[in-house]
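> First the structure, which I've put down as structure tokens, then a few questions once you've had a look.
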Amino acid sequence: YDEIKRLKIPCVNLWYNSELTAELPTVSADYRRAGQMAAGHMLNRGFKDLIMIDYKDKSASHFQEGVMDVLKPMKYKVKRYYFNRKSLL
């Protein structure tokens, strides 16, 4: 990033969890909306017991917020499990 800054090259960040999001314009998915859509899809398919398995980071937390936007008013309970992303390597 220092080299890009020094050369004054226009740059856009595409990595949502990047440390540079405060310094660069960022384009990413709407993870909260994706969570809302996923929850709606599961409910439309008739699922009642939902479990979320995810790692803890900004995109995952926004996705979870979206899921809960849909499920919480309906009094659904969701079990959540987290794992360390590094455990996948």
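Residue numbering restarts at 1 for every chain of the structure tokens, chains are lettered A, B, ... in their displayed order, and ligands are numbered from 1 as they appear.
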Give the helix (DSSP H, G or I) residues of region 18-48 of chain A, as assigned by DSSP on the backbone, as a list in words.
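Filtering region 18-48 of chain A down to helix (DSSP H, G or I) leaves Tyr31, Arg32, Arg33, Ala34, Gly35, Gln36, Met37, Ala38, Ala39, Gly40, His41, Met42, Leu43 and Asn44 of chain A.
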> Could you give me, as a count of residues only, the residues within 10 Å of region 30-46 of chain A, counting only C-alpha atoms and dropping anything in the same chain fewer than 5 positions from it?
15
> Grab the CA of Pro25 (chain A) to CA of Ile4 (chain A) distance for me, in Å with one decimal place.
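Separation between CA of Pro25 (chain A) and CA of Ile4 (chain A): 13.8 Å.
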> Considering only C-alpha atoms, can you say which of A:Tyr1, A:Arg6, A:Asn84, A:Ile51 comes closest to Ser18 (chain A)?
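Checking each candidate against Ser18 (chain A), we get A:Tyr1 as the closest.
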